[in-house]
Amino acid sequence: FSNPSRLDNVLNHIKSVSSMEYCFYKTSIDSTEILNNINIQSGCSLAYCFGFCPNITTLSDVTISASASSVEGLFQGSGLTTVTNFEVLCQNVIGLFKDCGKLMTVTNFTAPNTTSYKSLCEGCTSLVNPPITVIPDNILDISYMYKNCPSMVSIDGMVFNKNLTAWEGFIADSPNIVSANSITIKGSYYQTFFNEWTSVKYMNNLLTTFIGKSMSFNNMFNGMTNLEEFSFHDDS
């Protein structure tokens, strides 16, 4: 796979691809250019296609069509360091960048047709800043999204949409995330959302936009064992 021309010779004889699961898994391939050179059939899965490929370091200006059924774990454990202008139009993006320990920058990533960011950046141990700070309205599940991100120190300014239904372990095992200031919570789930955020010390200016006839704050900060500072936004 160190010679892309050898792949071209094969691709020139293929009209479309029905599945690419684990296709280049744990190989020495160093480019994702193949994604721009093939016709992906409806229902084609790309799950773990480039998983644990250490020589894939950059991803730029790539679109995965809605014809694909899944990109689950597509780059899991790979050598990615930088992702720029990456659009995924299929529905399953679970664990897309999971265990990419060298990943430091993700810019302009969109996945408008999915409902789950589950484990999206789990295990990205070099990420200093969360690449996604506004959770889009189409996302229902952010479980383990930033789990085991020990280089991350802040999730300040994050906005969580009103539609979320699952958030277990959102920042679990990320012991250095101490700051969660100026967060916005738009949904009725505010009462249990922060449970077990054990690393967070500072949560000031919290904005909750949900207003019900009866609101309860019972157990709202249950398990936040290191919380030192807290305040609500004036508009909460």
# chains A, B, ... in the order shown; residues from 1 in each chain; ligands from 1
>>> residues_around(residues="segment 199-202 of chain A", least_positions_apart="2", cutoff="8 Å", atoms="only C-alpha atoms", output="ChimeraX atom specification")
/A:174-181,197,204,224-230
>>> write_last_selection(atoms="N, CA, C and O atoms", output="PDB file, in the first residue's frame")
ATOM      1  N   SER A 174     -11.548  12.003  31.950  1.00  0.00           N
ATOM      2  CA  SER A 174     -10.809  13.166  31.445  1.00  0.00           C
ATOM      3  C   SER A 174     -10.504  14.042  32.656  1.00  0.00           C
ATOM      4  O   SER A 174     -11.151  15.065  32.888  1.00  0.00           O
ATOM      5  N   PRO A 175      -9.513  13.653  33.441  1.00  0.00           N
ATOM      6  CA  PRO A 175      -9.317  14.230  34.777  1.00  0.00           C
ATOM      7  C   PRO A 175      -8.881  15.679  34.793  1.00  0.00           C
ATOM      8  O   PRO A 175      -8.944  16.325  35.847  1.00  0.00           O
ATOM      9  N   ASN A 176      -8.446  16.214  33.656  1.00  0.00           N
ATOM     10  CA  ASN A 176      -7.944  17.588  33.644  1.00  0.00           C
ATOM     11  C   ASN A 176      -8.958  18.616  33.155  1.00  0.00           C
ATOM     12  O   ASN A 176      -8.647  19.808  33.057  1.00  0.00           O
ATOM     13  N   ILE A 177     -10.168  18.158  32.830  1.00  0.00           N
ATOM     14  CA  ILE A 177     -11.225  19.117  32.479  1.00  0.00           C
ATOM     15  C   ILE A 177     -11.758  19.709  33.776  1.00  0.00           C
ATOM     16  O   ILE A 177     -12.627  19.132  34.439  1.00  0.00           O
ATOM     17  N   VAL A 178     -11.220  20.849  34.130  1.00  0.00           N
ATOM     18  CA  VAL A 178     -11.593  21.483  35.400  1.00  0.00           C
ATOM     19  C   VAL A 178     -12.523  22.673  35.201  1.00  0.00           C
ATOM     20  O   VAL A 178     -13.183  23.114  36.149  1.00  0.00           O
ATOM     21  N   SER A 179     -12.606  23.187  33.980  1.00  0.00           N
ATOM     22  CA  SER A 179     -13.381  24.398  33.730  1.00  0.00           C
ATOM     23  C   SER A 179     -14.558  24.113  32.801  1.00  0.00           C
ATOM     24  O   SER A 179     -14.383  23.583  31.699  1.00  0.00           O
ATOM     25  N   ALA A 180     -15.755  24.490  33.269  1.00  0.00           N
ATOM     26  CA  ALA A 180     -16.971  24.350  32.466  1.00  0.00           C
ATOM     27  C   ALA A 180     -17.811  25.611  32.632  1.00  0.00           C
ATOM     28  O   ALA A 180     -18.970  25.567  33.013  1.00  0.00           O
ATOM     29  N   ASN A 181     -17.193  26.735  32.332  1.00  0.00           N
ATOM     30  CA  ASN A 181     -17.855  28.030  32.487  1.00  0.00           C
ATOM     31  C   ASN A 181     -18.668  28.394  31.254  1.00  0.00           C
ATOM     32  O   ASN A 181     -18.383  27.956  30.140  1.00  0.00           O
ATOM     33  N   TRP A 197     -19.644  14.494  36.905  1.00  0.00           N
ATOM     34  CA  TRP A 197     -18.580  15.285  36.283  1.00  0.00           C
ATOM     35  C   TRP A 197     -17.532  15.543  37.365  1.00  0.00           C
ATOM     36  O   TRP A 197     -17.383  16.650  37.881  1.00  0.00           O
ATOM     37  N   ASN A 204     -19.170  28.501  36.311  1.00  0.00           N
ATOM     38  CA  ASN A 204     -19.780  29.810  36.501  1.00  0.00           C
ATOM     39  C   ASN A 204     -20.567  30.219  35.263  1.00  0.00           C
ATOM     40  O   ASN A 204     -20.300  29.780  34.153  1.00  0.00           O
ATOM     41  N   MET A 224     -20.313  15.656  41.572  1.00  0.00           N
ATOM     42  CA  MET A 224     -19.291  16.633  41.181  1.00  0.00           C
ATOM     43  C   MET A 224     -18.421  16.910  42.407  1.00  0.00           C
ATOM     44  O   MET A 224     -18.482  17.962  43.042  1.00  0.00           O
ATOM     45  N   THR A 225     -17.592  15.965  42.706  1.00  0.00           N
ATOM     46  CA  THR A 225     -16.880  15.937  43.982  1.00  0.00           C
ATOM     47  C   THR A 225     -15.810  17.021  44.111  1.00  0.00           C
ATOM     48  O   THR A 225     -15.339  17.300  45.220  1.00  0.00           O
ATOM     49  N   ASN A 226     -15.414  17.632  42.994  1.00  0.00           N
ATOM     50  CA  ASN A 226     -14.369  18.664  43.052  1.00  0.00           C
ATOM     51  C   ASN A 226     -14.888  20.072  42.780  1.00  0.00           C
ATOM     52  O   ASN A 226     -14.090  21.010  42.668  1.00  0.00           O
ATOM     53  N   LEU A 227     -16.198  20.227  42.674  1.00  0.00           N
ATOM     54  CA  LEU A 227     -16.764  21.536  42.345  1.00  0.00           C
ATOM     55  C   LEU A 227     -16.453  22.564  43.440  1.00  0.00           C
ATOM     56  O   LEU A 227     -16.769  22.353  44.610  1.00  0.00           O
ATOM     57  N   GLU A 228     -15.818  23.673  43.042  1.00  0.00           N
ATOM     58  CA  GLU A 228     -15.451  24.731  43.980  1.00  0.00           C
ATOM     59  C   GLU A 228     -16.230  26.022  43.745  1.00  0.00           C
ATOM     60  O   GLU A 228     -16.546  26.740  44.693  1.00  0.00           O
ATOM     61  N   GLU A 229     -16.529  26.326  42.487  1.00  0.00           N
ATOM     62  CA  GLU A 229     -17.217  27.573  42.166  1.00  0.00           C
ATOM     63  C   GLU A 229     -18.410  27.287  41.259  1.00  0.00           C
ATOM     64  O   GLU A 229     -18.321  26.475  40.333  1.00  0.00           O
ATOM     65  N   PHE A 230     -19.514  27.977  41.563  1.00  0.00           N
ATOM     66  CA  PHE A 230     -20.708  27.836  40.711  1.00  0.00           C
ATOM     67  C   PHE A 230     -21.526  29.109  40.752  1.00  0.00           C
ATOM     68  O   PHE A 230     -21.673  29.742  41.791  1.00  0.00           O
TER      69      PHE A 230
END
>>> select_by_dssp(residues="segment 46-92 of chain A", states="strand (DSSP E)", output="NGL selection string")
:A and (58-64 or 68-70 or 82-88)
>>> write_last_selection(atoms="N, CA and C atoms", output="compact mmCIF listing (two decimals), in the first residue's frame")
# COMPACT_ATOMS: atom_id res chain seq x y z
N THR A 58 -3.28 13.14 7.93
CA THR A 58 -4.11 14.31 7.65
C THR A 58 -5.34 13.91 6.84
N LEU A 59 -6.40 14.66 7.05
CA LEU A 59 -7.64 14.45 6.31
C LEU A 59 -8.19 15.82 5.97
N SER A 60 -8.35 16.10 4.67
CA SER A 60 -8.75 17.43 4.27
C SER A 60 -9.67 17.39 3.06
N ASP A 61 -10.73 18.19 3.11
CA ASP A 61 -11.64 18.38 1.97
C ASP A 61 -12.20 17.05 1.46
N VAL A 62 -12.77 16.30 2.38
CA VAL A 62 -13.37 15.00 2.05
C VAL A 62 -14.84 15.01 2.43
N THR A 63 -15.67 14.46 1.55
CA THR A 63 -17.10 14.29 1.81
C THR A 63 -17.46 12.82 1.65
N ILE A 64 -18.09 12.27 2.67
CA ILE A 64 -18.62 10.90 2.58
C ILE A 64 -20.09 11.01 2.22
N ALA A 68 -23.36 5.88 1.73
CA ALA A 68 -22.72 5.01 2.72
C ALA A 68 -23.66 4.77 3.89
N SER A 69 -23.61 3.58 4.44
CA SER A 69 -24.47 3.27 5.58
C SER A 69 -23.80 3.58 6.91
N SER A 70 -22.47 3.52 6.94
CA SER A 70 -21.77 3.70 8.21
C SER A 70 -20.31 4.07 8.00
N THR A 82 -4.52 15.95 12.05
CA THR A 82 -5.28 17.13 11.63
C THR A 82 -6.44 16.71 10.72
N VAL A 83 -7.62 17.26 11.01
CA VAL A 83 -8.80 17.03 10.17
C VAL A 83 -9.38 18.40 9.81
N THR A 84 -9.56 18.64 8.50
CA THR A 84 -10.07 19.92 8.03
C THR A 84 -11.11 19.70 6.94
N ASN A 85 -12.23 20.38 7.07
CA ASN A 85 -13.28 20.34 6.04
C ASN A 85 -13.71 18.90 5.73
N PHE A 86 -14.25 18.26 6.72
CA PHE A 86 -14.68 16.86 6.59
C PHE A 86 -16.19 16.80 6.80
N GLU A 87 -16.91 16.39 5.75
CA GLU A 87 -18.36 16.31 5.81
C GLU A 87 -18.79 14.85 5.66
N VAL A 88 -19.60 14.40 6.60
CA VAL A 88 -20.11 13.04 6.56
C VAL A 88 -21.63 13.10 6.44
>>> select_by_dssp(residues="segment 2-234 of chain A", states="helix (DSSP H, G or I)", output="JSON list (two decimals) with N, CA, C and O atoms, in the first residue's frame")
[["chain", "number", "residue", "atom", "x", "y", "z"],
["A", 4, "PRO", "N", 0.52, 4.01, -4.20],
["A", 4, "PRO", "CA", -0.89, 4.22, -4.54],
["A", 4, "PRO", "C", -1.24, 3.79, -5.95],
["A", 4, "PRO", "O", -2.39, 3.45, -6.23],
["A", 5, "SER", "N", -0.28, 3.80, -6.87],
["A", 5, "SER", "CA", -0.57, 3.44, -8.26],
["A", 5, "SER", "C", -1.07, 2.00, -8.37],
["A", 5, "SER", "O", -1.81, 1.65, -9.28],
["A", 6, "ARG", "N", -0.64, 1.17, -7.44],
["A", 6, "ARG", "CA", -1.11, -0.22, -7.46],
["A", 6, "ARG", "C", -2.59, -0.31, -7.15],
["A", 6, "ARG", "O", -3.30, -1.16, -7.68],
["A", 7, "LEU", "N", -3.05, 0.58, -6.28],
["A", 7, "LEU", "CA", -4.48, 0.64, -6.00],
["A", 7, "LEU", "C", -5.25, 1.15, -7.21],
["A", 7, "LEU", "O", -6.33, 0.67, -7.53],
["A", 8, "ASP", "N", -4.68, 2.13, -7.90],
["A", 8, "ASP", "CA", -5.34, 2.70, -9.07],
["A", 8, "ASP", "C", -5.60, 1.64, -10.12],
["A", 8, "ASP", "O", -6.64, 1.65, -10.80],
["A", 9, "ASN", "N", -4.66, 0.73, -10.29],
["A", 9, "ASN", "CA", -4.83, -0.32, -11.29],
["A", 9, "ASN", "C", -6.04, -1.19, -10.99],
["A", 9, "ASN", "O", -6.71, -1.69, -11.90],
["A", 10, "VAL", "N", -6.31, -1.39, -9.71],
["A", 10, "VAL", "CA", -7.48, -2.17, -9.32],
["A", 10, "VAL", "C", -8.76, -1.35, -9.47],
["A", 10, "VAL", "O", -9.76, -1.81, -10.02],
["A", 11, "LEU", "N", -8.72, -0.10, -9.01],
["A", 11, "LEU", "CA", -9.90, 0.75, -9.03],
["A", 11, "LEU", "C", -10.40, 1.02, -10.44],
["A", 11, "LEU", "O", -11.60, 1.20, -10.65],
["A", 33, "GLU", "N", -7.18, 9.14, -0.33],
["A", 33, "GLU", "CA", -7.59, 9.61, -1.65],
["A", 33, "GLU", "C", -8.56, 8.63, -2.33],
["A", 33, "GLU", "O", -9.37, 9.03, -3.17],
["A", 34, "ILE", "N", -8.47, 7.39, -1.96],
["A", 34, "ILE", "CA", -9.35, 6.38, -2.54],
["A", 34, "ILE", "C", -10.82, 6.74, -2.36],
["A", 34, "ILE", "O", -11.68, 6.40, -3.17],
["A", 35, "LEU", "N", -11.13, 7.48, -1.29],
["A", 35, "LEU", "CA", -12.51, 7.85, -1.02],
["A", 35, "LEU", "C", -13.08, 8.76, -2.11],
["A", 35, "LEU", "O", -14.29, 8.80, -2.33],
["A", 36, "ASN", "N", -12.20, 9.48, -2.80],
["A", 36, "ASN", "CA", -12.64, 10.36, -3.87],
["A", 36, "ASN", "C", -12.64, 9.66, -5.23],
["A", 36, "ASN", "O", -13.07, 10.25, -6.23],
["A", 190, "TYR", "N", -31.59, 19.09, 32.40],
["A", 190, "TYR", "CA", -30.59, 19.81, 33.19],
["A", 190, "TYR", "C", -30.36, 19.20, 34.57],
["A", 190, "TYR", "O", -29.28, 19.31, 35.14],
["A", 191, "GLN", "N", -31.38, 18.53, 35.13],
["A", 191, "GLN", "CA", -31.31, 18.08, 36.51],
["A", 191, "GLN", "C", -30.28, 16.98, 36.73],
["A", 191, "GLN", "O", -29.68, 16.88, 37.80],
["A", 192, "THR", "N", -30.04, 16.14, 35.73],
["A", 192, "THR", "CA", -29.11, 15.02, 35.90],
["A", 192, "THR", "C", -27.90, 15.10, 34.96],
["A", 192, "THR", "O", -27.02, 14.25, 35.01],
["A", 193, "PHE", "N", -27.86, 16.12, 34.13],
["A", 193, "PHE", "CA", -26.84, 16.20, 33.09],
["A", 193, "PHE", "C", -25.43, 16.22, 33.65],
["A", 193, "PHE", "O", -24.51, 15.63, 33.07]]
>>> atom_distance(atom1="atom CA of Cys49 of chain A", atom2="atom CA of Gly79 of chain A")
13.6 Å
>>> closest_residue(among="A:Ser18, A:Ser42, A:Ser188, A:Ser231", to="Asn205 of chain A", atoms="only C-alpha atoms")
A:Ser231
>>> atom_distance(atom1="atom CA of Asn113 of chain A", atom2="atom CA of Asp30 of chain A")
28.1 Å
